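Asks: Handing you a structure now.
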Amino acid sequence: MYWTIPTVLIVASPIPSLDRARSAGTAVYTIGYDMAKAPKTEHSELAGEFTDDGITVLVDIYRPAGTQGDWTLEVITEEDDVTTWEEPFPTDREAFDEFLATVERDGIRSFFGEPEPNPAVH
C-alpha cells in the first residue's frame with residue numbers, strides 16, 4: 001500500500017515563489033504577515049479605557065492613517081470580547097456618542113459575550 005502525502009509549504013511572510021508553489025499543486029499556509037505591509041491606523045483622542053458600574057472596557061476609535069476616512073468603533077472587554085460596529089462613523093465624536101448611547105441604553109455588560117452555561121454535575 002502506498003500513501004500519498006501532499007506537500008505543504010509553511011512561510012512566515014510572503015515570498016515571490018509562492019505563485020510557482022501554488023501552480024505546482026503545493027498547499028501554502030502563511031503563518032504571520034509582514035508588519036511593514038500591515039495597514040497603518042490613526043486612533044482618536046476619544047479612544048481609551050472607559051469604566052462604568054465598576055467594569056472597564058477599551059473603546060477603540062480608528063481610521064486608516066493619513067486619510068479623512070470614516071471612523072471604526074470597537075469595544076474590547078477584559079475577557080477579549082470584541083464588539084465592532086458594522087457601519088463606520090463620519091466623525092470620531094459621533095462614534096464615541098454612539099458608544100455612550102449604547103452604554104446608557106443597554107448597559108456596559110452588553111459588550112460581554114454570553115456567559116458559559118454551568119456544566120451539569122453528575
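Naming works like this for the C-alpha cells: A, B, ... for the chains as they're shown, residue 1 at the start of each chain, ligands 1 onward in shown order.
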Contacts of Glu87 of chain A at 10 Å or less, counting only C-alpha atoms, minus same-chain residues fewer than 4 places along, as JSON, numbers by chain?
Replies: {"A": [70, 71, 72, 73, 95]}
Asks: With N, CA and C atoms retained, write the just-selected residues as an mmCIF file, in the first residue's frame.
Replies:
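This is the output file again17.cif:
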```cif
data_model
loop_
_atom_site.group_PDB
_atom_site.id
_atom_site.type_symbol
_atom_site.label_atom_id
_atom_site.label_comp_id
_atom_site.auth_asym_id
_atom_site.auth_seq_id
_atom_site.Cartn_x
_atom_site.Cartn_y
_atom_site.Cartn_z
ATOM 1 N N ASP A 70 -13.798 57.542 7.176
ATOM 2 C CA ASP A 70 -14.700 57.336 8.303
ATOM 3 C C ASP A 70 -13.997 56.589 9.424
ATOM 4 N N TRP A 71 -14.593 56.674 10.606
ATOM 5 C CA TRP A 71 -14.029 56.081 11.821
ATOM 6 C C TRP A 71 -14.724 54.766 12.147
ATOM 7 N N THR A 72 -13.952 53.784 12.591
ATOM 8 C CA THR A 72 -14.469 52.498 13.045
ATOM 9 C C THR A 72 -14.515 52.516 14.566
ATOM 10 N N LEU A 73 -15.575 51.953 15.131
ATOM 11 C CA LEU A 73 -15.753 51.883 16.579
ATOM 12 C C LEU A 73 -15.711 50.432 17.023
ATOM 13 N N ALA A 95 -18.877 58.510 16.711
ATOM 14 C CA ALA A 95 -18.600 57.136 17.151
ATOM 15 C C ALA A 95 -18.646 57.053 18.669
#
```
Asks: Write out as number ranges by chain each polymer residue whose atoms come within 12 Å of Trp85 of chain A, counting only C-alpha atoms; drop sequence neighbours fewer than 5 positions from it.
Replies: A: 59-62, 71-76, 95-96, 98-99, 102, 111
Asks: How would the residues just picked look written out with N, CA and C atoms as a PDB file, in the first residue's frame?
Replies:
```pdb
ATOM      1  N   VAL A  59     -12.319  51.354  24.578  1.00  0.00           N
ATOM      2  CA  VAL A  59     -13.044  51.907  23.447  1.00  0.00           C
ATOM      3  C   VAL A  59     -11.996  52.289  22.415  1.00  0.00           C
ATOM      4  N   ASP A  60     -12.045  51.661  21.243  1.00  0.00           N
ATOM      5  CA  ASP A  60     -11.084  51.947  20.188  1.00  0.00           C
ATOM      6  C   ASP A  60     -11.827  52.590  19.018  1.00  0.00           C
ATOM      7  N   ILE A  61     -11.395  53.792  18.655  1.00  0.00           N
ATOM      8  CA  ILE A  61     -11.978  54.519  17.538  1.00  0.00           C
ATOM      9  C   ILE A  61     -10.818  54.837  16.607  1.00  0.00           C
ATOM     10  N   TYR A  62     -10.870  54.312  15.374  1.00  0.00           N
ATOM     11  CA  TYR A  62      -9.725  54.454  14.481  1.00  0.00           C
ATOM     12  C   TYR A  62     -10.161  54.540  13.020  1.00  0.00           C
ATOM     13  N   TRP A  71     -14.593  56.674  10.606  1.00  0.00           N
ATOM     14  CA  TRP A  71     -14.029  56.081  11.821  1.00  0.00           C
ATOM     15  C   TRP A  71     -14.724  54.766  12.147  1.00  0.00           C
ATOM     16  N   THR A  72     -13.952  53.784  12.591  1.00  0.00           N
ATOM     17  CA  THR A  72     -14.469  52.498  13.045  1.00  0.00           C
ATOM     18  C   THR A  72     -14.515  52.516  14.566  1.00  0.00           C
ATOM     19  N   LEU A  73     -15.575  51.953  15.131  1.00  0.00           N
ATOM     20  CA  LEU A  73     -15.753  51.883  16.579  1.00  0.00           C
ATOM     21  C   LEU A  73     -15.711  50.432  17.023  1.00  0.00           C
ATOM     22  N   GLU A  74     -14.832  50.138  17.987  1.00  0.00           N
ATOM     23  CA  GLU A  74     -14.748  48.813  18.600  1.00  0.00           C
ATOM     24  C   GLU A  74     -14.710  48.965  20.107  1.00  0.00           C
ATOM     25  N   VAL A  75     -15.312  48.003  20.787  1.00  0.00           N
ATOM     26  CA  VAL A  75     -15.243  47.926  22.243  1.00  0.00           C
ATOM     27  C   VAL A  75     -14.675  46.565  22.591  1.00  0.00           C
ATOM     28  N   ILE A  76     -13.625  46.553  23.429  1.00  0.00           N
ATOM     29  CA  ILE A  76     -12.952  45.314  23.816  1.00  0.00           C
ATOM     30  C   ILE A  76     -13.050  45.170  25.329  1.00  0.00           C
ATOM     31  N   ALA A  95     -18.877  58.510  16.711  1.00  0.00           N
ATOM     32  CA  ALA A  95     -18.600  57.136  17.151  1.00  0.00           C
ATOM     33  C   ALA A  95     -18.646  57.053  18.669  1.00  0.00           C
ATOM     34  N   PHE A  96     -18.001  57.990  19.335  1.00  0.00           N
ATOM     35  CA  PHE A  96     -17.976  57.970  20.801  1.00  0.00           C
ATOM     36  C   PHE A  96     -19.375  58.201  21.368  1.00  0.00           C
ATOM     37  N   GLU A  98     -22.150  57.329  19.997  1.00  0.00           N
ATOM     38  CA  GLU A  98     -22.884  56.070  19.824  1.00  0.00           C
ATOM     39  C   GLU A  98     -22.516  55.073  20.917  1.00  0.00           C
ATOM     40  N   PHE A  99     -21.228  55.022  21.260  1.00  0.00           N
ATOM     41  CA  PHE A  99     -20.793  54.155  22.357  1.00  0.00           C
ATOM     42  C   PHE A  99     -21.500  54.551  23.650  1.00  0.00           C
ATOM     43  N   THR A 102     -25.091  53.569  23.673  1.00  0.00           N
ATOM     44  CA  THR A 102     -25.255  52.124  23.869  1.00  0.00           C
ATOM     45  C   THR A 102     -25.109  51.753  25.339  1.00  0.00           C
ATOM     46  N   PHE A 111     -21.603  44.456  26.307  1.00  0.00           N
ATOM     47  CA  PHE A 111     -20.458  44.191  25.439  1.00  0.00           C
ATOM     48  C   PHE A 111     -19.797  42.845  25.725  1.00  0.00           C
TER      49      PHE A 111
END
```
Asks: Quote the spacing between atom CA of Asp81 of chain A and atom CA of Glu114 of chain A in Å to one decimal place.
Replies: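 For atom CA of Asp81 of chain A relative to atom CA of Glu114 of chain A, the distance reads 9.9 Å.
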Asks: Give the answer as one residue: which of A:Pro39, A:Asp92, A:Val103, A:Thr56 has the shortest atom-to-atom distance to Glu78 of chain A, using only C-alpha atoms?
Replies: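 Among A:Pro39, A:Asp92, A:Val103, A:Thr56, it is A:Thr56 that comes nearest to Glu78 of chain A.
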